[in-house]
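Chemist: Can you keep this structure in mind? I'll have questions shortly.
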Amino acid sequence: MARLPLVLTLYLLSLVTPFSSAYTWPSPQYDTLEGLLYEGRRSDGSSLASLVHPCRKRTGTLASVAAEWLRFSFHDMATHNVDNGSGGMDGSLVYELDRAENFGLGFNQTLSDFEAFPNKMVSRADVMSIGAIMAVSTCGGPIIPFRGGRVDAWSAGATGTPEPQQDLPTLTESFRKQGFNQAEMIKLVACGHTMGGVRSADFPQLVAPDPNSVNPVIKDFDTTMNFDNAVVTEYLAGTTQNVLVVSSNQTMDSDLRVFQSDNNSTMKTWVDLADASTFQSECQAILTRMLNTVPTGVTLTDEITLLPAKVSAAQLTFEKNQLVFKSTFRLTQAINTTANANRNVTMLWCDKYGSNANCTGKTNAALSVSTVADDPNVSPITLKLGYSFLNYNFVVPISSNASITKFWFSVDEKNGSKPTVYDNGGSGYVIDQDQVLFVPMLSHVDVVPNTTYTQTYTNRQGQAFTRVYNLVAAVRDGTNPSRVYVDATDVAVTDFPYAINNPVDLTLNSTMPAVSGYSFYTAQVQDSGVQLSIDVHAVTAAQTYTQTFMQTLLLDNTPYVQPGAVTTATTAATTKSGAGRLSRVEVWHALLAAVVGAACLGGGVGTLLDLAL
């Protein structure tokens, strides 16, 4: 039996929303970018952040993963040409790894790190940028503001990335084309070379290999592996170990040529560059510019900021022959504080059909079926901001005769303060259609090996696979579609030879019995990538119904969770004085009292309390 307080109160006047005024749910691109940046992972839990955090060295080579990721983004940006607007952060680097200017095992390993994370909403270049931001932050650097929306190229771009043997005029011209003047060139090189170093396998003329080891020798640019100002202070003190400054092979002393190109004026007077906080802020500014350098015609989003409260994984679907609605509600929690054990988080929703449509006579409510606390290290960005996450997971049964039109959340800390309502700025989180639904738990994928590949210039060998998806969608009876189909998209294909974007028709599957007024349509989709997403459509004479950006990372392997208990509250159409309908405040007040009462009494699904108000 649930042990809950006996009274929950909810007042509309206490409605407070911590969402940015610029954000409205649903926003699939924002939500997906925000999730990768601040949660550090894909929707199936595969973590990008864990590959670099906390300030990791790579297994085997012992190279700084953070330095490799930051360098990867610089080399992608470095082919930008301000004269014609071409190049920049466009992901074209993946096609340019056979060039001398992009030589090195670190590039190949970074490509392997990133290639499973792009999808329809997050471009390859956005993944590179998020990786660079994580790299800087996890090693002690500043948080670089992130804007999404970079557009991927699907072929190699121009040459022109700086190389260590180039003379100063060539280096200066290269940075000018990127959009940086002389002082900015010096800053960008210093900020880029505060982590990492030069390895013997890439430049044996600078770093001698160890004949007794299979691993390369790495000579770091300074005496720390952190993102700090040691690269500057040690240079100014004359104690630097940076082989691009002090090598006996002066042809390769590119950092020296850059740093002293203005007689060390910038290095000495760069607003007290040797001051740690100044170095951090200056690097934040120049690296932000680097990551925001994109081809002409590409417009980036506004900054992707952390949502203090976030709705995700909201889906109406079928599980075990039952129509259910699922959602996760995420709240932030300050690190080193304890979450309130008495907190009640309630999801409320309105029917779509019937006499209680739009909560005209009844409102539904349920408590979360589970609460999951994330480790603070889920992302170095969130860790540095001082937050962790609490995820409240909801699964509720839905009658197809009533369905669901919108939902919202109430958070009651049970500490005497008024509950906080999260309702998408007052409009609720709207479920815009229930005519066509993707059904992950009835869908399946088989992974079939189809070939092996070898790329000599990347030193990568492996086996390629085709994923054969058997997809299932449910269509509401009476919809009478002329066509049911999916737009199947996958951009996470090994080495990015192409993007998959195929329409595939589904057909009525007569072997699958109808359930709760829905019939099932099926199709098979073959995919050579690893992040297939689908838009599911049902075309009728009147309109096309769509479920957008449904991911396929978890299908029939989705863990089943028993739906939670639902409580409903009804109200009379008018007050006893006949003055008019009861306010939503009064309805919610009564409803939440009913939720707790039903839970304490062991009330089951569909408990209905007729309250004389």
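Scheme for the structure tokens: letters A, B, ... for chains in order shown; per-chain residue numbers from 1; ligand numbers from 1 in order shown.
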Considering only C-alpha atoms, return as JSON, numbers by chain whatever protein or nucleic-acid residues lie within 10 Å of His75 (chain A), sequence-local ones (same chain, fewer than 4 positions apart) excluded.
Modeler: {"A": [70, 71, 79, 80, 88, 89, 91, 92, 93, 96, 101, 102, 107, 160, 161, 162]}
Chemist: Compile the contact shell of Asp222 (chain A) as a PyMOL selection string: residues with an atom at most 9 Å away, counting only C-alpha atoms, same-chain residues fewer than 6 positions apart removed.
Modeler: chain A and resi 193-197+230-232+234-235+240-242
Chemist: Give the answer as one residue: which of A:Ile404, A:Val369, A:Val530, A:Met121 has the shortest atom-to-atom distance to Val447 (chain A), using only C-alpha atoms?
Modeler: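 The shortest atom-to-atom distance to Val447 (chain A) comes from A:Val530.
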Chemist: From a DSSP calculation on the backbone, collect every residue of region 321-373 of chain A in strand (DSSP E or B) and output the set as a ChimeraX atom specification.
Modeler: /A:322-334,344-351,357,362-367,370-373
Chemist: Those same residues, written as a PDB file, in the first residue's frame with C-alpha atoms?
Modeler:
ATOM      1  CA  GLN A 322      -3.402  -2.150 -23.744  1.00  0.00           C
ATOM      2  CA  LEU A 323      -3.505   1.462 -24.874  1.00  0.00           C
ATOM      3  CA  VAL A 324      -1.162   3.427 -22.600  1.00  0.00           C
ATOM      4  CA  PHE A 325       0.310   6.895 -22.335  1.00  0.00           C
ATOM      5  CA  LYS A 326       3.919   7.195 -21.252  1.00  0.00           C
ATOM      6  CA  SER A 327       5.979  10.234 -20.322  1.00  0.00           C
ATOM      7  CA  THR A 328       9.006  11.270 -18.307  1.00  0.00           C
ATOM      8  CA  PHE A 329       9.139  14.505 -16.329  1.00  0.00           C
ATOM      9  CA  ARG A 330      12.662  15.670 -15.453  1.00  0.00           C
ATOM     10  CA  LEU A 331      13.504  18.102 -12.664  1.00  0.00           C
ATOM     11  CA  THR A 332      16.878  19.569 -11.759  1.00  0.00           C
ATOM     12  CA  GLN A 333      18.387  19.037  -8.336  1.00  0.00           C
ATOM     13  CA  ALA A 334      21.268  21.105  -6.973  1.00  0.00           C
ATOM     14  CA  ASN A 344       4.589  14.353  -4.762  1.00  0.00           C
ATOM     15  CA  VAL A 345       4.777  14.653  -8.551  1.00  0.00           C
ATOM     16  CA  THR A 346       1.432  14.136 -10.234  1.00  0.00           C
ATOM     17  CA  MET A 347       0.563  13.939 -13.930  1.00  0.00           C
ATOM     18  CA  LEU A 348      -2.894  15.212 -14.828  1.00  0.00           C
ATOM     19  CA  TRP A 349      -4.660  14.940 -18.179  1.00  0.00           C
ATOM     20  CA  CYS A 350      -7.877  15.593 -20.050  1.00  0.00           C
ATOM     21  CA  ASP A 351      -9.947  13.239 -22.161  1.00  0.00           C
ATOM     22  CA  ALA A 357     -13.528  16.083 -23.270  1.00  0.00           C
ATOM     23  CA  LYS A 362     -13.589  15.215 -15.304  1.00  0.00           C
ATOM     24  CA  THR A 363      -9.822  15.406 -14.846  1.00  0.00           C
ATOM     25  CA  ASN A 364      -7.527  12.377 -14.571  1.00  0.00           C
ATOM     26  CA  ALA A 365      -4.433  12.071 -12.403  1.00  0.00           C
ATOM     27  CA  ALA A 366      -1.701   9.583 -11.526  1.00  0.00           C
ATOM     28  CA  LEU A 367       1.506   9.475  -9.542  1.00  0.00           C
ATOM     29  CA  SER A 370       9.180   5.200 -10.729  1.00  0.00           C
ATOM     30  CA  THR A 371      11.737   7.876  -9.954  1.00  0.00           C
ATOM     31  CA  VAL A 372      15.293   7.667 -11.274  1.00  0.00           C
ATOM     32  CA  ALA A 373      18.089   9.900 -10.020  1.00  0.00           C
TER      33      ALA A 373
END
Chemist: My list of candidates is A:Tyr498, A:Thr507, A:Val378, A:Leu316. Which is closest to Gln547 (chain A) when distances are computed with only C-alpha atoms?
Modeler: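 Between A:Tyr498, A:Thr507, A:Val378, A:Leu316, the residue approaching Gln547 (chain A) most closely is A:Leu316.
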Chemist: Which residue gives the smallest distance to Ala49 (chain A) among A:Gln543, A:Thr251, A:Thr382, A:Ser516, with only C-alpha atoms counted?
Modeler: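 Comparing A:Gln543, A:Thr251, A:Thr382, A:Ser516 against Ala49 (chain A), the winner is A:Thr382.
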Chemist: With a distance cut-off of 12 Å and only C-alpha atoms, select the neighbouring residues of Glu173 (chain A), excluding the residue or stretch itself and same-chain residues fewer than 5 positions from it, and output the selection as a PyMOL selection string.
Modeler: chain A and resi 78-83+160-162+166-168+178-182+185+258
Chemist: Emit the selected residues as a tab-separated table (two decimals), in the first residue's frame, including all heavy atoms.
Modeler:
chain	number	residue	atom	x	y	z
A	78	ALA	N	38.18	24.71	-40.01
A	78	ALA	CA	39.31	25.45	-40.57
A	78	ALA	C	39.27	25.64	-42.08
A	78	ALA	O	40.03	26.45	-42.61
A	78	ALA	CB	40.62	24.77	-40.17
A	79	THR	N	38.40	24.92	-42.78
A	79	THR	CA	38.31	25.11	-44.22
A	79	THR	C	37.30	26.20	-44.59
A	79	THR	O	36.98	26.38	-45.77
A	79	THR	CB	37.91	23.80	-44.93
A	79	THR	OG1	36.70	23.31	-44.36
A	79	THR	CG2	39.00	22.75	-44.76
A	80	HIS	N	36.79	26.92	-43.59
A	80	HIS	CA	35.89	28.04	-43.89
A	80	HIS	C	36.61	29.11	-44.69
A	80	HIS	O	37.80	29.39	-44.47
A	80	HIS	CB	35.36	28.65	-42.59
A	80	HIS	CG	34.40	29.79	-42.81
A	80	HIS	ND1	33.18	29.62	-43.41
A	80	HIS	CD2	34.50	31.11	-42.52
A	80	HIS	CE1	32.56	30.79	-43.48
A	80	HIS	NE2	33.34	31.70	-42.95
A	81	ASN	N	35.90	29.70	-45.62
A	81	ASN	CA	36.45	30.77	-46.46
A	81	ASN	C	35.52	31.97	-46.38
A	81	ASN	O	34.43	31.95	-46.95
A	81	ASN	CB	36.59	30.28	-47.90
A	81	ASN	CG	37.34	31.26	-48.78
A	81	ASN	OD1	37.36	32.46	-48.51
A	81	ASN	ND2	37.96	30.76	-49.83
A	82	VAL	N	35.96	33.01	-45.68
A	82	VAL	CA	35.12	34.19	-45.52
A	82	VAL	C	34.91	34.91	-46.84
A	82	VAL	O	33.97	35.69	-46.99
A	82	VAL	CB	35.72	35.17	-44.49
A	82	VAL	CG1	35.73	34.57	-43.10
A	82	VAL	CG2	37.12	35.62	-44.90
A	83	ASP	N	35.78	34.65	-47.81
A	83	ASP	CA	35.66	35.35	-49.09
A	83	ASP	C	34.45	34.89	-49.89
A	83	ASP	O	33.85	35.68	-50.62
A	83	ASP	CB	36.94	35.16	-49.91
A	83	ASP	CG	38.17	35.74	-49.23
A	83	ASP	OD1	38.01	36.72	-48.46
A	83	ASP	OD2	39.28	35.22	-49.44
A	160	GLY	N	43.08	23.53	-46.80
A	160	GLY	CA	43.54	24.79	-46.22
A	160	GLY	C	43.72	24.79	-44.72
A	160	GLY	O	44.01	25.84	-44.15
A	161	THR	N	43.58	23.63	-44.06
A	161	THR	CA	43.82	23.57	-42.62
A	161	THR	C	45.31	23.82	-42.34
A	161	THR	O	46.17	23.27	-43.04
A	161	THR	CB	43.42	22.20	-42.07
A	161	THR	OG1	42.03	21.99	-42.35
A	161	THR	CG2	43.64	22.13	-40.57
A	162	PRO	N	45.63	24.65	-41.36
A	162	PRO	CA	47.05	24.95	-41.06
A	162	PRO	C	47.85	23.69	-40.75
A	162	PRO	O	47.35	22.75	-40.12
A	162	PRO	CB	46.97	25.87	-39.84
A	162	PRO	CG	45.60	26.46	-39.88
A	162	PRO	CD	44.73	25.41	-40.48
A	166	GLN	N	54.24	25.05	-42.21
A	166	GLN	CA	53.94	26.22	-43.02
A	166	GLN	C	54.59	27.47	-42.44
A	166	GLN	O	54.74	27.62	-41.22
A	166	GLN	CB	52.42	26.41	-43.14
A	166	GLN	CG	51.74	25.32	-43.96
A	166	GLN	CD	50.23	25.41	-43.92
A	166	GLN	OE1	49.65	26.00	-43.00
A	166	GLN	NE2	49.57	24.81	-44.91
A	167	ASP	N	54.96	28.41	-43.34
A	167	ASP	CA	55.56	29.66	-42.89
A	167	ASP	C	54.48	30.60	-42.36
A	167	ASP	O	53.28	30.35	-42.50
A	167	ASP	CB	56.38	30.31	-44.00
A	167	ASP	CG	55.57	30.64	-45.24
A	167	ASP	OD1	54.33	30.76	-45.15
A	167	ASP	OD2	56.18	30.77	-46.33
A	168	LEU	N	54.92	31.70	-41.75
A	168	LEU	CA	53.98	32.59	-41.09
A	168	LEU	C	52.97	33.22	-42.05
A	168	LEU	O	51.77	33.26	-41.74
A	168	LEU	CB	54.74	33.69	-40.33
A	168	LEU	CG	53.85	34.68	-39.55
A	168	LEU	CD1	53.00	33.95	-38.52
A	168	LEU	CD2	54.71	35.76	-38.90
A	178	GLN	N	39.58	31.84	-42.35
A	178	GLN	CA	38.67	31.31	-41.35
A	178	GLN	C	37.86	32.41	-40.67
A	178	GLN	O	36.84	32.14	-40.03
A	178	GLN	CB	39.45	30.54	-40.28
A	178	GLN	CG	40.18	29.31	-40.79
A	178	GLN	CD	41.19	28.80	-39.79
A	178	GLN	OE1	41.02	28.94	-38.58
A	178	GLN	NE2	42.27	28.20	-40.28
A	179	GLY	N	38.35	33.67	-40.76
A	179	GLY	CA	37.66	34.79	-40.15
A	179	GLY	C	38.36	35.36	-38.94
A	179	GLY	O	37.76	36.15	-38.19
A	180	PHE	N	39.64	35.02	-38.74
A	180	PHE	CA	40.37	35.45	-37.55
A	180	PHE	C	41.55	36.34	-37.94
A	180	PHE	O	42.32	36.01	-38.86
A	180	PHE	CB	40.88	34.25	-36.76
A	180	PHE	CG	39.77	33.32	-36.31
A	180	PHE	CD1	39.51	32.15	-37.00
A	180	PHE	CD2	38.99	33.63	-35.21
A	180	PHE	CE1	38.50	31.29	-36.60
A	180	PHE	CE2	37.97	32.78	-34.80
A	180	PHE	CZ	37.71	31.61	-35.50
A	181	ASN	N	41.71	37.46	-37.21
A	181	ASN	CA	42.86	38.32	-37.45
A	181	ASN	C	44.08	37.78	-36.71
A	181	ASN	O	44.02	36.71	-36.10
A	181	ASN	CB	42.54	39.77	-37.07
A	181	ASN	CG	42.20	39.93	-35.59
A	181	ASN	OD1	42.67	39.18	-34.73
A	181	ASN	ND2	41.36	40.93	-35.28
A	182	GLN	N	45.16	38.54	-36.76
A	182	GLN	CA	46.42	38.03	-36.19
A	182	GLN	C	46.30	37.75	-34.69
A	182	GLN	O	46.71	36.67	-34.23
A	182	GLN	CB	47.54	39.04	-36.44
A	182	GLN	CG	48.90	38.56	-35.96
A	182	GLN	CD	49.99	39.62	-36.13
A	182	GLN	OE1	49.81	40.77	-35.75
A	182	GLN	NE2	51.11	39.22	-36.72
A	185	MET	N	44.19	34.77	-34.13
A	185	MET	CA	44.93	33.56	-34.48
A	185	MET	C	45.77	33.10	-33.30
A	185	MET	O	45.79	31.90	-32.96
A	185	MET	CB	45.83	33.84	-35.69
A	185	MET	CG	46.84	32.74	-36.01
A	185	MET	SD	47.91	33.13	-37.43
A	185	MET	CE	48.93	34.47	-36.72
A	258	VAL	N	53.60	31.61	-34.68
A	258	VAL	CA	52.33	32.27	-34.41
A	258	VAL	C	52.43	33.15	-33.18
A	258	VAL	O	52.06	34.33	-33.20
A	258	VAL	CB	51.20	31.23	-34.25
A	258	VAL	CG1	49.93	31.87	-33.70
A	258	VAL	CG2	50.91	30.55	-35.58
Chemist: In Å, rounded to a single decimal, give me how far CA of Gln435 (chain A) is from CA of Asn480 (chain A).
Modeler: 9.7 Å
Chemist: So which one's closest to Thr269 (chain A), A:Val65, A:Ile381, A:Val52, A:Ala183? Using only C-alpha atoms, please.
Modeler: A:Ala183
Chemist: Show which residues sit within 10 Å of Lys320 (chain A), as a PyMOL selection string. Count only C-alpha atoms, and ignore same-chain residues fewer than 4 positions away.
Modeler: chain A and resi 324+441-442+560+562
Chemist: Here is a test: counting only C-alpha atoms, which residue of A:Gly529, A:Pro380, A:Gly416, A:Gly354 is nearest to Asn401 (chain A)?
Modeler: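 Among the listed residues, A:Gly354 lies closest to Asn401 (chain A).
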Chemist: Mind the document's chain letters and residue numbers, and return as an MDAnalysis selection string the residues of region 307-517 of chain A that DSSP labels helix (DSSP H, G or I).
Modeler: chainID A and resid 376:378 380:385 424:426 440:442
Chemist: Would you mind listing what lies within 12 Å of Arg257 (chain A) as a PyMOL selection string, with only C-alpha atoms counted and same-chain residues fewer than 4 positions away left out?
Modeler: chain A and resi 164-172+182+185-186+189+244-246+250-253+261-264
Chemist: Might you pull out every residue within 10 Å of Asn340 (chain A), with only C-alpha atoms counted and same-chain residues fewer than 5 positions away left off, and present them as a ChimeraX atom specification?
Modeler: /A:333,412-415
Chemist: Find the distance between CA of Val421 (chain A) and CA of Phe409 (chain A) and write it in Å to one decimal.
Modeler: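 So the two atoms, CA of Val421 (chain A) and CA of Phe409 (chain A), lie 5.8 Å apart.
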Chemist: Neighbouring residues of Val298 (chain A) were defined as those with any atom within 9 Å, considering only C-alpha atoms; residues of the same chain fewer than 2 positions away were excluded. Please report them as a PDB file with C-alpha atoms, in the first residue's frame.
Modeler:
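Final output, saved to result_39.pdb:
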ATOM      1  CA  GLY A 149      21.284  23.720 -36.348  1.00  0.00           C
ATOM      2  CA  ARG A 150      24.536  23.100 -38.219  1.00  0.00           C
ATOM      3  CA  VAL A 151      23.948  21.566 -41.628  1.00  0.00           C
ATOM      4  CA  VAL A 294      29.230  27.930 -40.472  1.00  0.00           C
ATOM      5  CA  PRO A 295      28.691  28.200 -44.228  1.00  0.00           C
ATOM      6  CA  THR A 296      26.702  31.121 -45.601  1.00  0.00           C
ATOM      7  CA  LEU A 300      21.927  28.510 -35.979  1.00  0.00           C
TER       8      LEU A 300
END
Chemist: Given only C-alpha atoms as the basis, pick out the residue of A:Phe438, A:Tyr95, A:Phe117, A:Phe72 nearest to Arg42 (chain A).
Modeler: A:Phe117
